[in-house]
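Student: Below is the file input20.cif, which contains mmCIF, C-alpha atoms and all ligand atoms.
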data_final
loop_
_atom_site.label_atom_id
_atom_site.label_comp_id
_atom_site.auth_asym_id
_atom_site.auth_seq_id
_atom_site.Cartn_x
_atom_site.Cartn_y
_atom_site.Cartn_z
CA MET A 227 17.73 54.23 -111.17
CA ALA A 228 14.42 55.99 -111.79
CA LEU A 229 14.11 58.70 -114.41
CA ARG A 230 14.56 62.18 -112.89
CA HIS A 231 12.10 64.98 -113.62
CA PHE A 232 11.80 68.57 -112.33
CA LEU A 233 8.10 69.21 -111.71
CA THR A 234 8.60 70.94 -108.37
CA LEU A 235 11.71 71.92 -106.41
CA ALA A 236 11.31 68.83 -104.21
CA ASP A 237 12.24 66.59 -107.17
CA LEU A 238 15.85 67.47 -106.28
CA ASN A 239 17.24 67.32 -102.74
CA THR A 240 18.86 70.37 -101.16
CA ASP A 241 22.41 69.24 -102.04
CA GLU A 242 21.40 68.73 -105.66
CA LEU A 243 19.65 72.11 -105.80
CA ASN A 244 22.78 73.79 -104.44
CA GLN A 245 24.90 71.85 -106.93
CA VAL A 246 22.68 73.24 -109.74
CA ILE A 247 23.04 76.79 -108.37
CA GLN A 248 26.85 76.52 -108.13
CA ARG A 249 26.99 75.08 -111.66
CA ALA A 250 24.75 77.92 -112.90
CA LEU A 251 27.28 80.41 -111.54
CA GLU A 252 30.11 78.57 -113.36
CA LEU A 253 28.17 78.33 -116.63
CA LYS A 254 27.40 82.05 -116.41
CA LYS A 255 31.09 82.87 -116.05
CA MET A 256 31.96 80.59 -118.99
CA GLN A 257 29.26 82.19 -121.15
CA HIS A 258 30.44 85.71 -120.25
CA GLN A 259 34.00 84.68 -121.21
CA HIS A 260 32.64 83.46 -124.58
CA GLN A 261 33.81 79.92 -123.89
CA VAL A 262 32.31 77.36 -126.23
CA TYR A 263 30.97 74.44 -124.18
CA GLN A 264 28.99 71.90 -126.17
CA PRO A 265 28.38 68.72 -124.18
CA PHE A 266 25.04 68.02 -125.85
CA VAL A 267 25.71 68.07 -129.61
CA GLY A 268 22.81 66.33 -131.31
CA LYS A 269 20.56 66.42 -128.24
CA VAL A 270 17.10 67.89 -128.74
CA MET A 271 14.72 69.52 -126.28
CA GLY A 272 10.94 69.69 -126.86
CA MET A 273 9.37 72.91 -125.57
CA ILE A 274 5.60 72.60 -125.15
CA PHE A 275 3.85 75.92 -124.58
CA GLU A 276 0.14 76.19 -123.76
CA LYS A 277 0.69 79.70 -122.30
CA SER A 278 2.70 82.71 -123.50
CA SER A 279 6.36 83.24 -122.64
CA THR A 280 9.34 85.44 -123.38
CA ARG A 281 12.04 84.52 -120.82
CA THR A 282 11.30 80.83 -120.55
CA ARG A 283 11.27 80.21 -124.27
CA VAL A 284 14.34 82.31 -125.04
CA SER A 285 16.39 80.91 -122.15
CA PHE A 286 15.69 77.23 -122.86
CA GLU A 287 16.15 77.60 -126.61
CA ALA A 288 19.35 79.67 -126.31
CA GLY A 289 20.65 77.31 -123.61
CA MET A 290 20.23 74.21 -125.78
CA THR A 291 21.89 75.96 -128.74
CA GLN A 292 24.83 77.05 -126.56
CA PHE A 293 25.18 73.42 -125.41
CA GLY A 294 25.51 72.33 -129.06
CA GLY A 295 22.00 70.88 -129.17
CA SER A 296 18.70 72.28 -130.36
CA ALA A 297 15.13 72.90 -129.26
CA ILE A 298 11.75 72.50 -130.94
CA PHE A 299 9.01 74.99 -130.03
CA LEU A 300 5.68 73.18 -129.81
CA SER A 301 2.65 75.41 -129.34
CA SER A 302 -0.58 73.66 -128.42
CA ARG A 303 -2.21 75.83 -131.10
CA ASP A 304 -0.27 74.05 -133.85
CA THR A 305 0.10 70.51 -132.51
CA GLN A 306 -2.42 67.72 -131.98
CA LEU A 307 -2.29 68.54 -128.24
CA GLY A 308 -4.52 71.50 -128.99
CA ARG A 309 -6.97 69.20 -130.84
CA GLY A 310 -7.43 66.82 -127.94
CA GLU A 311 -4.77 64.11 -128.44
CA PRO A 312 -4.37 62.61 -124.95
CA ILE A 313 -1.40 63.91 -123.00
CA GLU A 314 -0.32 60.30 -122.31
CA ASP A 315 -0.11 59.44 -126.04
CA SER A 316 1.66 62.72 -126.78
CA ALA A 317 4.18 62.03 -124.02
CA ARG A 318 5.02 58.57 -125.34
CA VAL A 319 5.52 59.79 -128.89
CA ILE A 320 7.31 63.07 -128.20
CA SER A 321 9.68 61.57 -125.62
CA SER A 322 10.59 58.70 -127.98
CA MET A 323 12.16 61.24 -130.35
CA LEU A 324 13.72 63.74 -127.93
CA ASP A 325 16.23 63.88 -125.06
CA ILE A 326 14.42 66.23 -122.68
CA VAL A 327 11.06 68.05 -122.61
CA MET A 328 9.86 71.24 -120.94
CA ILE A 329 6.17 72.06 -120.55
CA ARG A 330 4.33 75.28 -119.70
CA THR A 331 0.65 74.63 -119.17
CA PHE A 332 -2.39 75.20 -116.97
CA GLY A 333 -3.21 72.28 -114.62
CA HIS A 334 -0.23 70.88 -112.72
CA GLU A 335 -1.59 67.35 -113.27
CA ILE A 336 -0.85 67.78 -116.98
CA VAL A 337 2.93 67.86 -116.37
CA GLU A 338 2.56 64.96 -113.92
CA ARG A 339 0.70 62.83 -116.47
CA PHE A 340 3.19 63.76 -119.17
CA ALA A 341 6.12 62.81 -116.90
CA GLU A 342 4.51 59.46 -115.97
CA ASN A 343 4.40 58.55 -119.65
CA SER A 344 7.70 60.08 -120.74
CA SER A 345 10.91 58.15 -121.37
CA VAL A 346 13.02 61.33 -120.96
CA PRO A 347 13.30 63.99 -118.21
CA VAL A 348 10.43 66.50 -118.01
CA ILE A 349 10.82 70.06 -116.71
CA ASN A 350 7.91 72.13 -115.40
CA ALA A 351 8.26 75.51 -117.10
CA LEU A 352 5.22 76.89 -115.16
CA THR A 353 1.84 75.50 -114.26
CA ASP A 354 -1.06 77.12 -112.41
CA ASP A 355 0.50 75.73 -109.20
CA HIS A 356 4.30 75.99 -109.51
CA HIS A 357 7.15 77.77 -111.28
CA PRO A 358 10.27 75.98 -110.00
CA CYS A 359 12.62 77.12 -112.83
CA GLN A 360 12.10 80.73 -111.74
CA LEU A 361 13.17 79.80 -108.21
CA LEU A 362 16.49 78.41 -109.47
CA ALA A 363 17.18 81.77 -111.10
CA ASP A 364 16.00 83.71 -108.05
CA ILE A 365 18.19 81.76 -105.62
CA GLN A 366 21.16 82.02 -107.98
CA THR A 367 20.64 85.78 -108.06
CA PHE A 368 20.46 86.03 -104.27
CA VAL A 369 23.62 83.92 -103.87
CA GLU A 370 25.43 86.08 -106.44
CA HIS A 371 24.56 89.31 -104.64
CA ARG A 372 24.42 88.32 -100.97
CA GLY A 373 25.75 84.77 -100.51
CA SER A 374 23.76 81.91 -98.96
CA ILE A 375 20.02 82.47 -98.46
CA LYS A 376 19.93 80.00 -95.54
CA GLY A 377 18.56 81.67 -92.40
CA LYS A 378 17.48 84.83 -94.26
CA THR A 379 13.99 86.36 -94.28
CA VAL A 380 12.05 86.64 -97.54
CA ALA A 381 8.84 88.66 -97.98
CA TRP A 382 6.28 87.54 -100.57
CA ILE A 383 3.89 90.41 -101.24
CA GLY A 384 0.79 89.79 -103.36
CA ASP A 385 -1.02 86.87 -104.90
CA GLY A 386 -0.78 83.38 -103.38
CA ASN A 387 -0.08 82.05 -106.88
CA ASN A 388 2.26 79.60 -108.65
CA MET A 389 5.33 81.73 -107.82
CA CYS A 390 4.27 82.02 -104.19
CA ASN A 391 3.83 78.22 -103.96
CA SER A 392 7.32 77.68 -105.34
CA TYR A 393 8.69 80.22 -102.80
CA ILE A 394 6.97 78.22 -100.03
CA GLU A 395 8.73 75.07 -101.20
CA ALA A 396 12.00 76.98 -101.62
CA ALA A 397 11.85 78.19 -98.00
CA HIS A 398 11.89 74.55 -96.90
CA MET A 399 14.52 73.36 -99.39
CA TRP A 400 16.97 76.23 -98.78
CA GLY A 401 16.17 76.92 -95.12
CA PHE A 402 14.92 80.50 -95.16
CA LYS A 403 11.95 82.14 -93.45
CA LEU A 404 9.10 83.22 -95.74
CA LYS A 405 6.58 85.88 -94.70
CA ILE A 406 3.57 86.07 -97.00
CA ALA A 407 1.25 89.09 -97.24
CA SER A 408 -1.76 88.48 -99.51
CA PRO A 409 -5.16 90.17 -99.55
CA LYS A 410 -7.97 88.20 -97.92
CA GLY A 411 -9.16 85.48 -100.26
CA TYR A 412 -5.94 85.49 -102.30
CA GLU A 413 -3.69 83.62 -99.85
CA PRO A 414 -1.92 80.46 -101.04
CA LYS A 415 -4.09 77.35 -100.81
CA GLU A 416 -3.94 75.41 -97.55
CA LYS A 417 -2.55 72.28 -99.29
CA PHE A 418 0.55 74.25 -100.34
CA LEU A 419 0.96 75.95 -96.96
CA ALA A 420 0.18 73.20 -94.46
CA PRO A 421 3.34 71.08 -94.85
CA PHE A 422 5.57 74.14 -94.45
CA SER A 423 4.32 75.87 -91.29
CA HIS A 424 7.85 75.50 -89.83
CA CYS A 425 9.27 78.02 -92.32
CA VAL A 426 6.29 80.03 -93.62
CA GLU A 427 4.18 82.66 -91.88
CA LEU A 428 1.10 84.49 -93.18
CA VAL A 429 1.06 88.13 -92.07
CA ASP A 430 -1.70 90.69 -92.46
CA SER A 431 -0.03 93.57 -94.27
CA ALA A 432 2.65 94.25 -96.85
CA GLU A 433 4.52 96.31 -94.22
CA ALA A 434 4.54 93.40 -91.76
CA ALA A 435 6.01 91.12 -94.43
CA ALA A 436 8.63 93.66 -95.51
CA THR A 437 9.82 94.39 -91.97
CA GLN A 438 13.41 93.13 -91.62
CA ALA A 439 13.26 91.28 -94.92
CA ASP A 440 16.47 90.42 -96.78
CA LEU A 441 14.55 89.90 -100.01
CA ILE A 442 11.20 91.26 -101.19
CA VAL A 443 9.45 89.45 -104.03
CA THR A 444 6.23 90.12 -105.85
CA ASP A 445 4.42 89.07 -109.03
CA VAL A 446 1.50 90.19 -111.18
CA TRP A 447 -1.92 90.47 -109.55
CA ALA A 448 -3.64 88.48 -112.31
CA SER A 449 -1.72 85.51 -113.69
CA MET A 450 -2.09 83.96 -117.13
CA GLY A 451 -5.58 82.51 -117.34
CA GLN A 452 -7.01 85.07 -114.87
CA GLU A 453 -7.22 88.01 -117.27
CA GLU A 454 -10.96 88.47 -116.76
CA GLU A 455 -10.39 88.99 -113.00
CA GLN A 456 -8.00 91.91 -113.62
CA LYS A 457 -10.38 94.67 -112.51
CA ILE A 458 -11.58 92.92 -109.32
CA ARG A 459 -8.00 92.06 -108.44
CA GLU A 460 -6.79 95.65 -108.93
CA LYS A 461 -9.19 96.66 -106.16
CA ALA A 462 -8.37 93.75 -103.85
CA PHE A 463 -4.58 94.22 -104.19
CA ALA A 464 -4.47 98.04 -103.93
CA ASP A 465 -2.61 97.94 -100.56
CA TYR A 466 -0.10 95.35 -101.76
CA GLN A 467 2.10 97.36 -104.10
CA VAL A 468 5.86 97.03 -103.72
CA ASN A 469 7.22 100.57 -103.82
CA GLU A 470 10.07 102.71 -102.49
CA LYS A 471 8.19 103.36 -99.21
CA LEU A 472 7.62 99.69 -98.53
CA VAL A 473 11.30 98.81 -99.05
CA GLU A 474 12.12 101.25 -96.21
CA PHE A 475 10.66 98.68 -93.77
CA ALA A 476 13.18 96.06 -94.88
CA ASN A 477 16.82 95.52 -93.94
CA PRO A 478 19.10 98.18 -95.50
CA ASP A 479 20.68 95.68 -97.93
CA CYS A 480 17.36 94.08 -98.89
CA LEU A 481 17.07 92.91 -102.51
CA PHE A 482 13.98 93.17 -104.70
CA MET A 483 12.98 90.54 -107.26
CA HIS A 484 10.11 90.06 -109.71
CA CYS A 485 9.92 87.16 -112.16
CA LEU A 486 8.59 89.54 -114.88
CA PRO A 487 6.66 90.56 -116.88
CA ALA A 488 5.84 93.43 -114.49
CA HIS A 489 2.95 95.87 -114.45
CA ARG A 490 4.20 99.29 -113.34
CA GLY A 491 1.54 101.15 -111.37
CA GLU A 492 0.01 97.87 -110.16
CA GLU A 493 2.11 95.37 -108.17
CA ILE A 494 5.14 97.69 -108.40
CA SER A 495 5.58 101.45 -108.46
CA GLU A 496 6.73 103.18 -111.65
CA ASN A 497 10.47 103.12 -110.76
CA MET A 498 10.73 99.96 -108.66
CA LEU A 499 12.59 97.95 -111.30
CA THR A 500 15.41 100.51 -111.26
CA HIS A 501 15.41 101.00 -107.46
CA LYS A 502 18.80 100.37 -105.83
CA SER A 503 17.48 97.15 -104.26
CA SER A 504 16.33 95.74 -107.61
CA VAL A 505 18.18 92.81 -109.19
CA VAL A 506 15.43 91.93 -111.66
CA TRP A 507 17.62 92.08 -114.78
CA ASP A 508 20.20 89.71 -113.30
CA GLU A 509 17.30 87.54 -112.15
CA ALA A 510 15.91 87.41 -115.71
CA GLU A 511 19.33 86.65 -117.26
CA ASN A 512 19.92 83.92 -114.70
CA ARG A 513 17.00 81.95 -116.14
CA LEU A 514 19.45 81.04 -118.91
CA HIS A 515 22.30 79.92 -116.68
CA ALA A 516 20.18 78.20 -114.01
CA GLN A 517 18.20 76.21 -116.58
CA LYS A 518 21.37 75.21 -118.45
CA ALA A 519 22.65 73.83 -115.15
CA LEU A 520 19.33 72.04 -114.61
CA VAL A 521 19.28 70.56 -118.12
CA GLU A 522 22.88 69.38 -117.72
CA PHE A 523 22.00 67.79 -114.36
CA LEU A 524 18.92 65.97 -115.68
CA ILE A 525 20.47 64.75 -118.95
CA ASN A 526 23.56 63.49 -117.11
CA GLU A 527 21.46 61.77 -114.41
CA ASN A 528 19.46 60.09 -117.18
CA LEU A 529 22.63 58.95 -118.98
CA LYS A 530 23.96 57.49 -115.68
CA ALA A 531 20.68 55.62 -115.20
CA ASN A 532 20.79 53.94 -118.63
N1 LIG B 1 9.28 84.82 -115.64
C1 LIG B 1 8.83 84.11 -116.70
O1 LIG B 1 8.60 82.89 -116.62
O2 LIG B 1 8.72 84.85 -117.84
P1 LIG B 1 8.01 84.39 -119.21
O3 LIG B 1 6.55 84.24 -118.93
O4 LIG B 1 8.33 85.50 -120.16
O5 LIG B 1 8.61 83.07 -119.65
N1 LIG B 2 2.22 84.20 -111.92
C1 LIG B 2 2.54 84.53 -113.30
C2 LIG B 2 3.99 84.24 -113.56
C3 LIG B 2 4.45 84.57 -114.97
C4 LIG B 2 5.86 84.22 -115.22
C5 LIG B 2 1.63 83.76 -114.23
O1 LIG B 2 1.39 82.57 -113.98
O2 LIG B 2 1.15 84.34 -115.20
#
Represent the structure contained in this file as structure tokens.
Tutor:
Amino acid sequence: MALRHFLTLADLNTDELNQVIQRALELKKMQHQHQVYQPFVGKVMGMIFEKSSTRTRVSFEAGMTQFGGSAIFLSSRDTQLGRGEPIEDSARVISSMLDIVMIRTFGHEIVERFAENSSVPVINALTDDHHPCQLLADIQTFVEHRGSIKGKTVAWIGDGNNMCNSYIEAAHMWGFKLKIASPKGYEPKEKFLAPFSHCVELVDSAEAAATQADLIVTDVWASMGQEEEQKIREKAFADYQVNEKLVEFANPDCLFMHCLPAHRGEEISENMLTHKSSVVWDEAENRLHAQKALVEFLINENLKAN
């Protein structure tokens, strides 16, 4: 059996994704009951970060520790990766010593090249194009609060970025309808949209996307690596703020999510994170449980294969 990776949501089929979500809910319960569950004593995760992180680093590192294993934080600033050692050579060496690797980087092809040369499972912990781990947490959070997301309507308001691309893929994998409202010129790229026209619709205002939505999601206007575009983007995105007024267009039990970090006064209003529709803190916590379920799935699949 081939080595399993998680570079985009489509690396797992829908049944497997749902299995991970159900397991995440179980692991959360166990953790809240202070149960010690250590199936991976002695197993080590490599965590390669070429971009900043709070949630992703803490959740993977805490998750491995809770599982009885450990994690090594590898910043490109302090490793030979940052001095130009080829990703292929790094992948061969790093994977020969570890049991699983997660990477947060810029170009999506970097995680693909790493995975091609890795002897252990590789997890995409965010690239310029995708953020699939966040989607596991988001779907877990929806299921926890509202049950199955199948057949529901989700509104993506804002940048057609990595998070948006993963929502597009999620709409297909989990069978929901995604309405995207992005300013002109900031829509998701055609190559991410085209295969998913059956479940994704571009609309021309935030209000149109929010209308009858069961879930509203947004993200920062300038992602990591786009800091110098901040000012131009603030102008372009001015009509795309998620605020109390916008949520009024949605279904009465609509939820609000944001992967965080959030910029109050930009993509969200000052009090949006504490609005009654907001589940952002559960969403953030669920990174831990969803990724533990993912790590367990990938390590066990790899053990079965060998
Ligand atoms: N949502 C998310 O990935 O957060 P971090 O950048 O803090 O890891
Ligand atoms: N779109 C954001 C997500 C951060 C978790 C970024 O890439 O910076």
Student: With distances taken over only C-alpha atoms, which of A:Ala250, A:Val346, A:Val506, A:Val319 is nearest to Ala531 (chain A)?
Tutor: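 Answer, going by the shortest atom-to-atom distance: A:Val346.
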Student: Identify, on the basis of all atoms listed in the file, every residue whose closest approach to region 463-466 of chain A does not exceed 9 Å; exclude the query and any residue fewer than 6 positions from it along the same chain; express the result as an mmCIF file with C-alpha atoms, keeping the file's coordinate frame.
Tutor:
data_model
loop_
_atom_site.group_PDB
_atom_site.id
_atom_site.type_symbol
_atom_site.label_atom_id
_atom_site.label_comp_id
_atom_site.auth_asym_id
_atom_site.auth_seq_id
_atom_site.Cartn_x
_atom_site.Cartn_y
_atom_site.Cartn_z
ATOM 1 C CA ILE A 383 3.890 90.410 -101.240
ATOM 2 C CA GLY A 384 0.790 89.790 -103.360
ATOM 3 C CA ASP A 385 -1.020 86.870 -104.900
ATOM 4 C CA ALA A 407 1.250 89.090 -97.240
ATOM 5 C CA SER A 408 -1.760 88.480 -99.510
ATOM 6 C CA PRO A 409 -5.160 90.170 -99.550
ATOM 7 C CA SER A 431 -0.030 93.570 -94.270
ATOM 8 C CA ALA A 432 2.650 94.250 -96.850
ATOM 9 C CA GLU A 433 4.520 96.310 -94.220
ATOM 10 C CA TRP A 447 -1.920 90.470 -109.550
ATOM 11 C CA GLU A 492 0.010 97.870 -110.160
ATOM 12 C CA GLU A 493 2.110 95.370 -108.170
ATOM 13 C CA ILE A 494 5.140 97.690 -108.400
#
Student: Can you measure CA of Leu235 (chain A) to CA of Leu307 (chain A) for me? One decimal in Å is fine.
Tutor: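 CA of Leu307 (chain A) lies 26.2 Å from CA of Leu235 (chain A).
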Student: Name all residues at most 9 Å from Ile329 (chain A) (count all atoms listed in the file; drop same-chain ones fewer than 6 positions away) and give them as number ranges by chain.
Tutor: A: 272-276, 336-337, 340, 348-353
Student: Counting only C-alpha atoms, figure out which residue out of A:Gln261, A:Leu253, A:Leu229, A:Leu324 gets nearest to Lys530 (chain A).
Tutor: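 So, comparing all the options, the nearest one is A:Leu229.
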Student: So, counting all atoms listed in the file, which residue among A:Leu233, A:Val267, A:Ala397, A:Ala488 is closest to ligand LIG 2 (chain B)?
Tutor: A:Ala488
Student: What residues of the protein or nucleic acid chains come within 8 Å of ligand LIG 2 (chain B) when you use all atoms listed in the file? Reply as a PyMOL selection string.
Tutor: chain A and resi 279+352-354+357+360+387-389+445-451+485-487
Student: Near Cys480 (chain A), within 8 Å and counting all atoms listed in the file, which residues show up once chain neighbours fewer than 2 positions away are dropped, as a compact mmCIF listing (two decimals) with C-alpha atoms, in the coordinates of the input?
Tutor:
# COMPACT_ATOMS: atom_id res chain seq x y z
CA ALA A 439 13.26 91.28 -94.92
CA ASP A 440 16.47 90.42 -96.78
CA LEU A 441 14.55 89.90 -100.01
CA ILE A 442 11.20 91.26 -101.19
CA VAL A 473 11.30 98.81 -99.05
CA ALA A 476 13.18 96.06 -94.88
CA ASN A 477 16.82 95.52 -93.94
CA PRO A 478 19.10 98.18 -95.50
CA PHE A 482 13.98 93.17 -104.70
CA SER A 503 17.48 97.15 -104.26
Student: Atom O5 of ligand LIG 1 (chain B) and CA of Gln306 (chain A), how far apart in Å?
Tutor: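 So the two atoms, CA of Gln306 (chain A) and atom O5 of ligand LIG 1 (chain B), lie 22.6 Å apart.
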Student: Which is closer to ligand LIG 1 (chain B) than all the others in A:Cys425, A:Met328, A:Ala341, A:Ala228, using only C-alpha atoms and all ligand atoms?
Tutor: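 When distances to ligand LIG 1 (chain B) are compared using only C-alpha atoms and all ligand atoms, the smallest one comes from A:Met328.
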